[in-house]
$ cat data.txt   # compact mmCIF, C-alpha atoms
# COMPACT_ATOMS: atom_id res chain seq x y z
CA MET A 1 44.64 131.87 -50.69
CA LEU A 2 44.47 130.92 -54.39
CA ARG A 3 42.01 128.12 -53.63
CA ALA A 4 39.71 130.49 -51.73
CA GLN A 5 39.86 133.08 -54.51
CA LEU A 6 39.06 130.52 -57.21
CA LEU A 7 36.14 129.09 -55.28
CA GLU A 8 34.80 132.56 -54.46
CA ARG A 9 34.91 133.67 -58.11
CA GLN A 10 33.29 130.45 -59.23
CA ALA A 11 30.43 130.96 -56.77
CA LEU A 12 29.86 134.45 -58.17
CA ARG A 13 30.07 133.48 -61.84
CA GLU A 14 28.52 130.03 -62.16
CA SER A 15 24.97 128.80 -61.76
CA SER A 16 23.50 127.47 -58.55
CA ALA A 17 23.06 124.12 -60.29
CA ARG A 18 26.73 123.20 -59.84
CA THR A 19 27.15 120.12 -57.68
CA TYR A 20 30.65 118.67 -57.35
CA ALA A 21 32.10 122.14 -56.79
CA ARG A 22 29.81 122.57 -53.77
CA ASN A 23 30.32 119.13 -52.26
CA LEU A 24 34.05 118.87 -52.97
CA PRO A 25 35.49 122.39 -52.60
CA VAL A 26 38.81 121.53 -54.20
CA ALA A 27 40.45 123.65 -56.90
CA PRO A 28 42.59 121.09 -58.79
CA VAL A 29 45.80 122.37 -60.39
CA ALA A 30 47.60 119.10 -61.15
CA ALA A 31 46.74 115.40 -61.36
CA ASP A 32 48.49 112.12 -62.03
CA GLY A 33 46.88 108.68 -62.01
CA ALA A 34 44.66 108.54 -58.94
CA VAL A 35 46.20 111.59 -57.24
CA VAL A 36 44.89 115.16 -57.52
CA THR A 37 46.74 118.21 -56.20
CA GLY A 38 44.69 121.22 -55.17
CA ALA A 39 45.54 124.91 -55.40
CA ASP A 40 46.27 124.83 -51.66
CA GLY A 41 49.01 122.23 -52.18
CA ARG A 42 47.05 119.37 -50.63
CA THR A 43 46.90 116.04 -52.43
CA TYR A 44 43.84 113.81 -52.66
CA LEU A 45 43.16 110.25 -53.68
CA ASP A 46 40.55 110.55 -56.41
CA CYS A 47 37.78 107.98 -56.00
CA LEU A 48 35.49 110.02 -58.23
CA SER A 49 37.65 110.04 -61.40
CA GLY A 50 35.33 112.25 -63.36
CA ALA A 51 32.23 110.26 -62.31
CA GLY A 52 33.89 107.16 -63.76
CA THR A 53 35.27 108.87 -66.87
CA LEU A 54 38.99 108.45 -66.17
CA ALA A 55 39.51 104.71 -66.59
CA LEU A 56 43.28 105.21 -66.93
CA GLY A 57 43.40 107.95 -64.34
CA HIS A 58 44.58 111.51 -64.81
CA ASN A 59 47.18 112.29 -67.49
CA HIS A 60 48.03 108.76 -68.53
CA PRO A 61 51.48 109.03 -70.19
CA GLU A 62 50.52 107.29 -73.45
CA VAL A 63 47.36 109.36 -73.79
CA VAL A 64 49.20 112.63 -73.08
CA ALA A 65 51.97 111.79 -75.57
CA ALA A 66 49.47 110.94 -78.30
CA LEU A 67 47.49 114.13 -77.69
CA GLN A 68 50.63 116.26 -77.78
CA SER A 69 51.67 114.62 -81.04
CA ALA A 70 48.24 115.27 -82.57
CA LEU A 71 48.28 118.92 -81.50
CA THR A 72 51.58 119.55 -83.31
CA SER A 73 50.78 117.40 -86.35
CA GLY A 74 48.30 119.72 -88.01
CA ALA A 75 45.51 117.13 -87.81
CA PRO A 76 42.03 118.69 -87.90
CA LEU A 77 40.58 118.80 -84.40
CA HIS A 78 36.98 119.34 -85.50
CA THR A 79 35.44 117.63 -88.52
CA LEU A 80 31.69 117.38 -87.82
CA ASP A 81 30.93 113.75 -88.77
CA MET A 82 33.50 113.40 -91.56
CA ILE A 83 35.93 110.49 -91.41
CA THR A 84 39.52 110.95 -90.29
CA PRO A 85 42.28 108.37 -89.74
CA GLN A 86 41.89 108.89 -86.00
CA LYS A 87 38.14 108.26 -86.13
CA ASP A 88 38.67 105.19 -88.30
CA GLU A 89 41.16 103.72 -85.82
CA PHE A 90 38.89 104.46 -82.87
CA SER A 91 35.87 102.90 -84.60
CA ALA A 92 37.79 99.74 -85.45
CA GLU A 93 39.01 99.38 -81.87
CA LEU A 94 35.54 99.94 -80.41
CA LEU A 95 33.86 97.50 -82.80
CA ARG A 96 36.24 94.70 -81.87
CA ARG A 97 35.47 95.29 -78.16
CA LEU A 98 31.66 95.36 -78.33
CA PRO A 99 29.66 92.60 -76.61
CA GLY A 100 28.15 89.53 -78.28
CA THR A 101 26.57 89.88 -81.70
CA LEU A 102 27.30 93.62 -81.82
CA ARG A 103 31.01 92.88 -82.14
CA ASP A 104 32.40 93.85 -85.54
CA ASP A 105 28.94 94.23 -87.14
CA ALA A 106 27.27 97.07 -85.22
CA ARG A 107 26.47 100.45 -86.68
CA LEU A 108 27.90 103.39 -84.76
CA HIS A 109 26.30 106.80 -84.36
CA PHE A 110 28.47 109.52 -82.87
CA CYS A 111 26.53 112.00 -80.77
CA SER A 112 27.15 115.33 -79.17
CA PRO A 113 29.73 114.98 -76.37
CA ALA A 114 27.52 114.15 -73.36
CA GLY A 115 26.12 110.74 -72.56
CA THR A 116 22.62 112.18 -72.19
CA ASP A 117 22.59 112.94 -75.93
CA ALA A 118 23.51 109.33 -76.66
CA VAL A 119 20.50 108.26 -74.58
CA GLU A 120 18.33 110.66 -76.59
CA ALA A 121 19.71 109.14 -79.80
CA ALA A 122 18.96 105.60 -78.59
CA LEU A 123 15.37 106.47 -77.67
CA LYS A 124 14.77 108.27 -80.97
CA LEU A 125 16.29 105.44 -83.01
CA ALA A 126 14.12 102.82 -81.27
CA GLN A 127 11.01 104.91 -81.89
CA HIS A 128 11.92 105.51 -85.52
CA ALA A 129 12.77 101.87 -86.22
CA THR A 130 9.66 100.43 -84.55
CA GLY A 131 7.12 103.12 -85.32
CA ARG A 132 6.12 103.03 -81.66
CA HIS A 133 6.48 105.72 -79.01
CA GLY A 134 6.35 104.30 -75.48
CA ILE A 135 9.38 103.43 -73.33
CA ILE A 136 9.84 100.98 -70.43
CA ALA A 137 12.17 102.33 -67.74
CA PHE A 138 13.07 101.32 -64.18
CA THR A 139 12.84 102.94 -60.78
CA GLY A 140 16.05 104.50 -59.49
CA ALA A 141 17.44 105.01 -63.00
CA TYR A 142 19.68 107.86 -64.05
CA HIS A 143 20.10 108.34 -67.81
CA GLY A 144 20.87 112.06 -68.14
CA MET A 145 19.45 115.56 -67.86
CA THR A 146 18.01 116.33 -71.29
CA LEU A 147 14.27 115.96 -71.81
CA GLY A 148 14.01 112.36 -73.02
CA ALA A 149 16.82 111.11 -70.80
CA SER A 150 15.37 112.77 -67.71
CA ALA A 151 11.90 111.39 -68.54
CA VAL A 152 13.21 107.82 -68.23
CA SER A 153 15.20 108.60 -65.07
CA GLY A 154 13.91 108.07 -61.55
CA PRO A 155 14.51 111.10 -59.29
CA ALA A 156 11.55 113.49 -59.14
CA ARG A 157 13.83 116.54 -59.35
CA MET A 158 14.76 115.47 -62.89
CA ARG A 159 11.18 115.35 -64.14
CA THR A 160 9.78 118.82 -63.56
CA PRO A 161 6.40 119.29 -65.29
CA GLY A 162 6.86 120.14 -68.93
CA PRO A 163 7.83 118.60 -72.26
CA ALA A 164 9.54 115.59 -70.66
CA ASP A 165 6.14 114.41 -69.47
CA SER A 166 5.01 114.02 -73.08
CA LEU A 167 7.16 110.90 -73.46
CA PRO A 168 5.00 107.93 -72.43
CA VAL A 169 7.12 106.06 -69.90
CA THR A 170 6.01 102.94 -68.04
CA ARG A 171 8.13 102.31 -64.96
CA LEU A 172 8.97 98.93 -63.51
CA PRO A 173 10.58 98.20 -60.12
CA TYR A 174 14.34 97.76 -60.31
CA PRO A 175 15.45 94.75 -58.23
CA TYR A 176 17.12 96.72 -55.43
CA GLY A 177 18.10 94.17 -52.80
CA TYR A 178 18.63 96.39 -49.76
CA ARG A 179 15.51 98.48 -50.26
CA CYS A 180 13.47 95.93 -52.16
CA PRO A 181 10.27 97.33 -53.74
CA PHE A 182 8.59 93.94 -53.21
CA GLY A 183 10.13 93.23 -49.82
CA VAL A 184 11.56 89.90 -50.99
CA GLY A 185 15.23 90.54 -51.89
CA ALA A 186 17.02 91.13 -55.18
CA GLU A 187 16.78 87.72 -56.82
CA GLN A 188 13.07 87.22 -56.27
CA ALA A 189 12.41 90.90 -56.99
CA GLY A 190 14.10 90.40 -60.35
CA GLU A 191 11.78 87.50 -61.12
CA LEU A 192 8.72 89.54 -60.16
CA SER A 193 9.84 92.60 -62.10
CA ALA A 194 10.42 90.52 -65.23
CA ARG A 195 7.06 88.78 -64.74
CA LEU A 196 5.36 92.17 -64.49
CA LEU A 197 7.04 93.27 -67.72
CA GLU A 198 5.83 90.16 -69.50
CA SER A 199 2.32 90.66 -68.12
CA TYR A 200 2.26 94.23 -69.44
CA LEU A 201 3.15 92.99 -72.91
CA THR A 202 0.85 89.96 -73.02
CA ASP A 203 -2.26 91.11 -71.15
CA PRO A 204 -4.55 92.94 -73.61
CA SER A 205 -6.07 94.80 -70.66
CA SER A 206 -2.77 95.87 -69.06
CA GLY A 207 -3.20 99.40 -70.38
CA VAL A 208 0.38 99.36 -71.67
CA ALA A 209 0.78 99.43 -75.44
CA THR A 210 3.76 97.58 -76.85
CA PRO A 211 6.59 100.08 -76.37
CA ALA A 212 9.39 101.03 -78.72
CA ALA A 213 12.10 100.19 -76.20
CA ALA A 214 13.11 99.23 -72.70
CA ILE A 215 16.09 101.06 -71.22
CA LEU A 216 18.11 99.98 -68.18
CA GLU A 217 21.45 100.07 -66.38
CA VAL A 218 22.96 96.71 -65.43
CA VAL A 219 24.34 98.44 -62.34
CA GLN A 220 22.64 101.69 -61.40
CA GLY A 221 25.35 104.21 -60.70
CA GLU A 222 23.82 107.49 -59.57
CA GLY A 223 20.96 105.36 -58.27
CA GLY A 224 23.26 104.05 -55.53
CA VAL A 225 25.41 101.27 -57.06
CA VAL A 226 22.46 98.91 -57.28
CA GLU A 227 23.24 95.72 -59.17
CA GLY A 228 20.57 93.96 -61.21
CA PRO A 229 20.70 90.14 -60.92
CA ASP A 230 21.93 88.24 -63.98
CA HIS A 231 18.76 86.14 -64.18
CA TRP A 232 16.63 89.31 -64.25
CA LEU A 233 18.70 90.76 -67.06
CA ARG A 234 18.45 87.55 -69.08
CA GLU A 235 14.68 87.48 -68.59
CA VAL A 236 14.32 91.10 -69.70
CA ARG A 237 16.36 90.23 -72.78
CA ARG A 238 14.17 87.20 -73.54
CA ILE A 239 10.91 89.10 -73.08
CA THR A 240 11.93 92.13 -75.13
CA ALA A 241 13.23 89.93 -77.95
CA GLU A 242 10.03 87.88 -78.06
CA HIS A 243 7.86 91.00 -78.31
CA GLY A 244 9.98 93.06 -80.66
CA VAL A 245 10.86 95.65 -78.03
CA VAL A 246 14.27 97.26 -78.54
CA LEU A 247 16.52 96.67 -75.51
CA ILE A 248 18.73 99.67 -74.74
CA ILE A 249 21.47 99.11 -72.18
CA ASP A 250 23.04 102.25 -70.76
CA GLU A 251 26.74 101.46 -70.22
CA ILE A 252 27.80 105.09 -69.84
CA GLN A 253 29.23 104.53 -66.37
CA THR A 254 29.60 100.73 -66.30
CA GLY A 255 31.45 100.31 -69.59
CA ILE A 256 35.15 99.95 -70.45
CA GLY A 257 36.18 97.59 -67.65
CA ARG A 258 34.60 99.39 -64.70
CA THR A 259 32.56 96.43 -63.36
CA GLY A 260 35.09 93.65 -63.91
CA HIS A 261 33.96 92.97 -67.48
CA PHE A 262 34.58 95.17 -70.49
CA TRP A 263 30.80 95.75 -70.56
CA ALA A 264 28.60 95.04 -67.53
CA CYS A 265 26.04 93.15 -69.64
CA GLU A 266 28.64 90.53 -70.60
CA ARG A 267 28.56 88.73 -67.25
CA ALA A 268 24.96 87.67 -67.85
CA GLY A 269 25.69 86.81 -71.47
CA VAL A 270 23.25 89.49 -72.69
CA THR A 271 23.66 91.63 -75.81
CA PRO A 272 21.50 94.75 -76.15
CA ASP A 273 19.96 95.94 -79.39
CA ILE A 274 21.40 99.38 -78.66
CA LEU A 275 24.39 99.99 -76.40
CA VAL A 276 24.90 103.51 -75.06
CA THR A 277 28.40 104.59 -74.12
CA SER A 278 30.19 107.75 -73.07
CA LYS A 279 32.47 108.74 -70.14
CA ALA A 280 35.50 106.38 -70.29
CA VAL A 281 35.05 105.66 -74.00
CA GLY A 282 36.61 109.05 -74.77
CA GLY A 283 39.64 108.50 -72.57
CA GLY A 284 38.72 111.44 -70.36
CA LEU A 285 37.69 113.74 -73.22
CA PRO A 286 34.09 114.42 -74.32
CA LEU A 287 32.72 111.61 -76.50
CA ALA A 288 29.37 109.80 -76.65
CA LEU A 289 27.91 107.33 -79.10
CA ILE A 290 25.55 104.41 -79.58
CA ALA A 291 26.27 101.03 -81.15
CA TYR A 292 23.30 99.11 -82.51
CA ARG A 293 22.01 96.29 -84.70
CA PRO A 294 22.40 97.15 -88.39
CA ASP A 295 18.72 96.42 -89.14
CA LEU A 296 17.72 99.26 -86.81
CA ASP A 297 19.55 101.78 -88.98
CA THR A 298 16.43 103.32 -90.49
CA TRP A 299 17.47 106.94 -90.03
CA ARG A 300 17.69 109.38 -92.93
CA PRO A 301 20.62 111.83 -93.13
CA GLY A 302 20.30 114.44 -90.39
CA ASP A 303 17.66 112.62 -88.33
CA HIS A 304 19.93 112.94 -85.28
CA THR A 305 22.88 115.25 -85.61
CA GLY A 306 25.07 117.67 -83.69
CA THR A 307 28.03 119.95 -84.20
CA PHE A 308 30.56 118.29 -81.92
CA ARG A 309 30.57 114.71 -83.20
CA GLY A 310 34.08 114.66 -84.63
CA ASN A 311 36.32 115.28 -81.62
CA THR A 312 39.72 114.13 -82.93
CA LEU A 313 41.45 114.33 -79.56
CA ALA A 314 38.72 112.25 -77.88
CA MET A 315 39.01 109.62 -80.63
CA ILE A 316 42.77 109.40 -80.00
CA ALA A 317 42.41 109.19 -76.22
CA GLY A 318 39.50 106.77 -76.54
CA GLU A 319 41.33 104.37 -78.85
CA ILE A 320 44.28 104.21 -76.45
CA THR A 321 41.96 103.68 -73.48
CA LEU A 322 39.99 100.89 -75.15
CA ARG A 323 43.17 99.13 -76.22
CA THR A 324 44.95 99.59 -72.90
CA VAL A 325 42.03 98.31 -70.82
CA ALA A 326 41.86 95.21 -73.02
CA GLU A 327 45.57 94.49 -73.43
CA GLN A 328 46.49 95.13 -69.79
CA GLN A 329 43.43 93.20 -68.57
CA LEU A 330 42.30 96.12 -66.44
CA ALA A 331 38.74 94.77 -66.23
CA GLU A 332 40.05 91.63 -64.56
CA ARG A 333 42.23 93.82 -62.37
CA ALA A 334 39.19 95.89 -61.42
CA GLU A 335 37.28 92.77 -60.42
CA LYS A 336 40.04 91.56 -58.08
CA LEU A 337 40.89 94.94 -56.60
CA GLY A 338 37.22 95.83 -56.20
CA GLU A 339 36.59 92.66 -54.22
CA ARG A 340 39.58 93.46 -52.03
CA ILE A 341 38.22 96.94 -51.31
CA ARG A 342 34.72 95.61 -50.61
CA HIS A 343 36.18 93.04 -48.22
CA GLY A 344 37.98 95.84 -46.38
CA LEU A 345 34.84 97.95 -46.26
CA ARG A 346 32.85 95.05 -44.83
CA GLU A 347 35.44 94.71 -42.07
CA ILE A 348 34.94 98.41 -41.29
CA ALA A 349 31.17 97.91 -41.38
CA CYS A 350 31.42 95.16 -38.76
CA ALA A 351 32.69 97.74 -36.27
CA HIS A 352 30.59 100.65 -37.51
CA PRO A 353 26.90 99.79 -37.99
CA ALA A 354 26.19 103.06 -39.84
CA LEU A 355 27.61 101.24 -42.87
CA GLY A 356 24.50 99.23 -43.63
CA GLU A 357 25.53 97.43 -46.81
CA VAL A 358 28.65 97.23 -48.97
CA ARG A 359 28.01 96.29 -52.58
CA GLY A 360 29.09 96.72 -56.17
CA ARG A 361 31.02 95.16 -59.03
CA GLY A 362 34.63 95.71 -59.90
CA LEU A 363 35.69 99.26 -59.12
CA MET A 364 32.11 100.50 -58.94
CA ILE A 365 31.49 100.32 -55.20
CA GLY A 366 28.73 101.59 -52.94
CA VAL A 367 28.22 101.77 -49.18
CA GLU A 368 24.67 102.34 -47.92
CA ILE A 369 24.71 104.71 -44.92
CA VAL A 370 21.98 103.97 -42.39
CA ASP A 371 20.71 104.92 -38.95
CA PRO A 372 21.64 101.91 -36.80
CA ASP A 373 19.11 102.97 -34.16
CA GLY A 374 16.27 103.24 -36.66
CA ARG A 375 13.44 100.79 -37.16
CA PRO A 376 14.28 98.10 -39.74
CA ASP A 377 11.93 97.14 -42.54
CA ARG A 378 10.62 93.61 -43.13
CA LEU A 379 13.95 92.59 -44.68
CA GLY A 380 15.96 93.99 -41.79
CA SER A 381 17.19 97.01 -43.77
CA LEU A 382 17.68 100.14 -41.69
CA PRO A 383 16.47 103.65 -42.61
CA ALA A 384 18.80 105.97 -44.46
CA ASP A 385 20.87 108.59 -42.63
CA PRO A 386 21.51 111.53 -45.00
CA ALA A 387 23.19 113.69 -42.33
CA PHE A 388 25.76 111.00 -41.52
CA ALA A 389 26.43 110.45 -45.24
CA ARG A 390 27.09 114.16 -45.84
CA ALA A 391 29.32 114.37 -42.79
CA LEU A 392 31.23 111.29 -43.95
CA ARG A 393 31.84 112.77 -47.39
CA ALA A 394 33.24 115.93 -45.77
CA ALA A 395 35.40 113.94 -43.34
CA CYS A 396 36.78 111.86 -46.20
CA LEU A 397 37.75 115.05 -48.05
CA ASP A 398 39.48 116.30 -44.90
CA ASN A 399 41.42 113.02 -44.94
CA GLY A 400 42.45 113.54 -48.57
CA LEU A 401 39.87 111.23 -50.15
CA MET A 402 37.55 112.49 -52.89
CA LEU A 403 34.30 110.59 -53.29
CA GLU A 404 30.63 111.33 -53.86
CA LEU A 405 27.18 110.27 -52.72
CA GLY A 406 24.28 108.78 -54.67
CA GLY A 407 21.16 106.71 -54.23
CA ARG A 408 17.94 107.55 -52.44
CA GLU A 409 18.37 110.69 -50.34
CA ASP A 410 22.07 110.72 -51.32
CA THR A 411 22.92 108.15 -48.67
CA VAL A 412 25.17 105.81 -50.64
CA VAL A 413 28.89 106.53 -50.54
CA ARG A 414 30.18 105.84 -54.04
CA LEU A 415 33.73 104.82 -54.96
CA LEU A 416 34.73 105.09 -58.63
CA PRO A 417 38.54 105.07 -58.61
CA PRO A 418 40.49 104.80 -61.86
CA LEU A 419 41.22 101.26 -63.01
CA VAL A 420 44.94 101.93 -62.52
CA LEU A 421 44.54 102.35 -58.74
CA THR A 422 47.46 100.56 -57.04
CA ASP A 423 47.22 98.10 -54.16
CA ASP A 424 48.87 100.60 -51.83
CA GLN A 425 46.40 103.28 -52.87
CA ALA A 426 43.51 100.89 -52.30
CA ASP A 427 44.77 100.27 -48.77
CA SER A 428 45.04 104.02 -48.25
CA VAL A 429 41.43 104.49 -49.44
CA LEU A 430 40.28 102.02 -46.80
CA GLY A 431 42.38 103.64 -44.09
CA ARG A 432 41.17 107.15 -44.87
CA LEU A 433 37.53 106.13 -45.12
CA GLY A 434 37.69 104.13 -41.89
CA ALA A 435 39.26 107.07 -40.06
CA ALA A 436 36.56 109.36 -41.47
CA VAL A 437 33.83 107.08 -40.14
CA GLU A 438 35.36 107.27 -36.67
CA THR A 439 35.59 111.07 -36.91
CA VAL A 440 31.90 111.37 -37.77
CA GLU A 441 30.88 108.98 -35.02
CA ARG A 442 32.83 110.95 -32.42
CA ALA A 443 31.27 114.20 -33.58
CA ALA A 444 27.79 112.67 -33.36

$ encode --input "data.txt" --output "structure tokens"
Amino acid sequence: MLRAQLLERQALRESSARTYARNLPVAPVAADGAVVTGADGRTYLDCLSGAGTLALGHNHPEVVAALQSALTSGAPLHTLDMITPQKDEFSAELLRRLPGTLRDDARLHFCSPAGTDAVEAALKLAQHATGRHGIIAFTGAYHGMTLGASAVSGPARMRTPGPADSLPVTRLPYPYGYRCPFGVGAEQAGELSARLLESYLTDPSSGVATPAAAILEVVQGEGGVVEGPDHWLREVRRITAEHGVVLIIDEIQTGIGRTGHFWACERAGVTPDILVTSKAVGGGLPLALIAYRPDLDTWRPGDHTGTFRGNTLAMIAGEITLRTVAEQQLAERAEKLGERIRHGLREIACAHPALGEVRGRGLMIGVEIVDPDGRPDRLGSLPADPAFARALRAACLDNGLMLELGGREDTVVRLLPPLVLTDDQADSVLGRLGAAVETVERAA
């Protein structure tokens, strides 16, 4: 009864733009680790974890204890961008965890709480530092919902006509293996995409002026867990460096151990000029920032500002999360457990052809849902099946498994469990998802 009342009042009071509340009609009242308890008393395995925000799961004991201590200590909870001991400790921990040449020497800019504002800050900084305006972005991208961030994202629904169109964005094909824009597979698509980028920058008749920046995700999250090949990423890094184009890597969802490395770009040995981070960096509380090369720090005071940049509680939770992921080797744990889950999903896919491809890195996992009776493309990839994907999400929820969809037409089942997911819980995820697939097939 309480669940129904809560959901009914929410539907009356909140905007029609709400998403998770529609697709996952759960009213959470308690949570611990990877387990969420709803107002109806049912428990769920959480393979959404705040869209990848909860690296340590819900209510991690050390985080909760530290937050309780801060709340009774009299520490200021809001300080604009002034320094506090908590912010100093967080900054030191983050700097020692950054990739490559950013480590220890980067400049940090704290943004308003959402990752989309950090993307805005990165774009503005690149434009200010270079004196140029254009941006290179990639198909299938998702960088946020504010004007600049939505302009460099892929889905058409995010780029309604208006001010966002004033940002000159040149789009390149992302090397998406299963639905390859070139019809040649991910590795060769990466080579062609990088070659096209270099042609744009070297051909005086390309029609593309040298841009301020290129922005990309190493693994596209909302885009359907699409992994860019390492060679492609290294080539993009080489080309942008040679032409003075600022490389922005969006690690909002991939960062802090999610993909089996502390930062997804580390596997390819690539360091961005600007790294964008949010979600897990705040330990489950709102926090977003960029880390960048010191020579790019050309801003004057107030050039990019915001009221909520000094969230003391998020700094505390974030410092513990960064340290715990590193000290407990949770990135390495994510790599091993993720491969185990993908292996189990591929076994399910062998018996259920609606699961067209299983992919991902670490505990960032995607399953492409397809119509097995449809006509394959030149690579043998089958057409998407949105109806089956929606039914599967609902059947998973009925089985006590919370997950979401992404990708083209929302036909990729996405698993983003906390990094503290246990082996037994991983087995339960596979069992519940496999049973849900059978339920949907019987209903069809």

$ atom_distance --input "data.txt" --atom1 "CA of Leu247 in chain A" --atom2 "CA of Arg267 in chain A"
16.6 Å

$ closest_residue --input "data.txt" --among "A:Gly33, A:Gly366, A:Pro353, A:Pro168" --to "Leu415 in chain A" --atoms "only C-alpha atoms"
A:Gly366

$ closest_residue --input "data.txt" --among "A:Thr84, A:Ser49, A:Thr19, A:Gln220" --to "Arg408 in chain A" --atoms "all atoms listed in the file"
A:Gln220

$ residues_around --input "data.txt" --residues "Cys111 in chain A" --least-positions-apart "5" --cutoff "10 Å" --atoms "all atoms listed in the file" --output "list of chain:residue names"
A:Asp81, A:Thr116, A:Asp117, A:Ala118, A:Val119, A:Glu120, A:Ala121, A:Ser278, A:Leu287, A:Ala288, A:Leu289, A:Ile290, A:His304, A:Thr305, A:Gly306, A:Thr307, A:Phe308, A:Arg309, A:Gly310

$ atom_distance --input "data.txt" --atom1 "CA of Val184 in chain A" --atom2 "CA of Ile365 in chain A"
22.9 Å

$ closest_atom_pairs --input "data.txt" --of "range 265-337 of chain A" --to "range 198-215 of chain A" --cutoff "12 Å" --atoms "only C-alpha atoms" --output "Markdown table"
| residue | atom | partner | partner_atom | distance |
| --- | --- | --- | --- | --- |
| A:Pro272 | CA | A:Ile215 | CA | 9.7 |
| A:Asp273 | CA | A:Ala213 | CA | 9.5 |
| A:Ile274 | CA | A:Ile215 | CA | 9.3 |
| A:Leu275 | CA | A:Ile215 | CA | 9.8 |
| A:Val276 | CA | A:Ile215 | CA | 9.9 |
| A:Leu296 | CA | A:Ala212 | CA | 11.7 |

$ residues_around --input "data.txt" --residues "range 140-154 of chain A" --least-positions-apart "5" --cutoff "8 Å" --atoms "all atoms listed in the file" --output "MDAnalysis selection string"
chainID A and resid 115:117 119:120 123 135 159 163:165 167 169 174 215:217 220:223 250 407:408

$ residues_around --input "data.txt" --residues "range 54-71 of chain A" --least-positions-apart "4" --cutoff "7 Å" --atoms "all atoms listed in the file" --output "list in words"
Ala31, Asp32, Gly33, Ala34, Ser49, Gly50, Ala75, Ala280, Gly283, Gly284, Leu313, Ala317, Ile320, Thr321, Pro418, Leu419 and Val420 of chain A

$ decode --input "data.txt" --residues "range 189-193 of chain A" --atoms "all heavy atoms" --output "PDB file, in the first residue's frame"
ATOM      1  N   ALA A 189      37.200  -0.254 -37.908  1.00  0.00           N
ATOM      2  CA  ALA A 189      36.419   0.977 -37.811  1.00  0.00           C
ATOM      3  C   ALA A 189      37.184   2.032 -37.024  1.00  0.00           C
ATOM      4  O   ALA A 189      37.146   3.227 -37.359  1.00  0.00           O
ATOM      5  CB  ALA A 189      35.073   0.711 -37.149  1.00  0.00           C
ATOM      6  N   GLY A 190      37.894   1.600 -35.984  1.00  0.00           N
ATOM      7  CA  GLY A 190      38.714   2.527 -35.222  1.00  0.00           C
ATOM      8  C   GLY A 190      39.799   3.151 -36.072  1.00  0.00           C
ATOM      9  O   GLY A 190      40.075   4.357 -35.984  1.00  0.00           O
ATOM     10  N   GLU A 191      40.428   2.341 -36.915  1.00  0.00           N
ATOM     11  CA  GLU A 191      41.464   2.859 -37.812  1.00  0.00           C
ATOM     12  C   GLU A 191      40.877   3.873 -38.787  1.00  0.00           C
ATOM     13  O   GLU A 191      41.470   4.931 -39.038  1.00  0.00           O
ATOM     14  CB  GLU A 191      42.113   1.702 -38.570  1.00  0.00           C
ATOM     15  CG  GLU A 191      42.883   0.731 -37.680  1.00  0.00           C
ATOM     16  CD  GLU A 191      43.422  -0.461 -38.453  1.00  0.00           C
ATOM     17  OE1 GLU A 191      43.282  -0.455 -39.706  1.00  0.00           O
ATOM     18  OE2 GLU A 191      43.957  -1.392 -37.822  1.00  0.00           O
ATOM     19  N   LEU A 192      39.707   3.566 -39.337  1.00  0.00           N
ATOM     20  CA  LEU A 192      39.085   4.471 -40.299  1.00  0.00           C
ATOM     21  C   LEU A 192      38.609   5.758 -39.635  1.00  0.00           C
ATOM     22  O   LEU A 192      38.744   6.856 -40.201  1.00  0.00           O
ATOM     23  CB  LEU A 192      37.914   3.769 -40.981  1.00  0.00           C
ATOM     24  CG  LEU A 192      38.282   2.586 -41.892  1.00  0.00           C
ATOM     25  CD1 LEU A 192      37.020   1.864 -42.352  1.00  0.00           C
ATOM     26  CD2 LEU A 192      39.098   3.048 -43.086  1.00  0.00           C
ATOM     27  N   SER A 193      38.056   5.643 -38.435  1.00  0.00           N
ATOM     28  CA  SER A 193      37.599   6.826 -37.730  1.00  0.00           C
ATOM     29  C   SER A 193      38.761   7.757 -37.411  1.00  0.00           C
ATOM     30  O   SER A 193      38.673   8.980 -37.578  1.00  0.00           O
ATOM     31  CB  SER A 193      36.870   6.415 -36.443  1.00  0.00           C
ATOM     32  OG  SER A 193      36.380   7.534 -35.753  1.00  0.00           O
TER      33      SER A 193
END
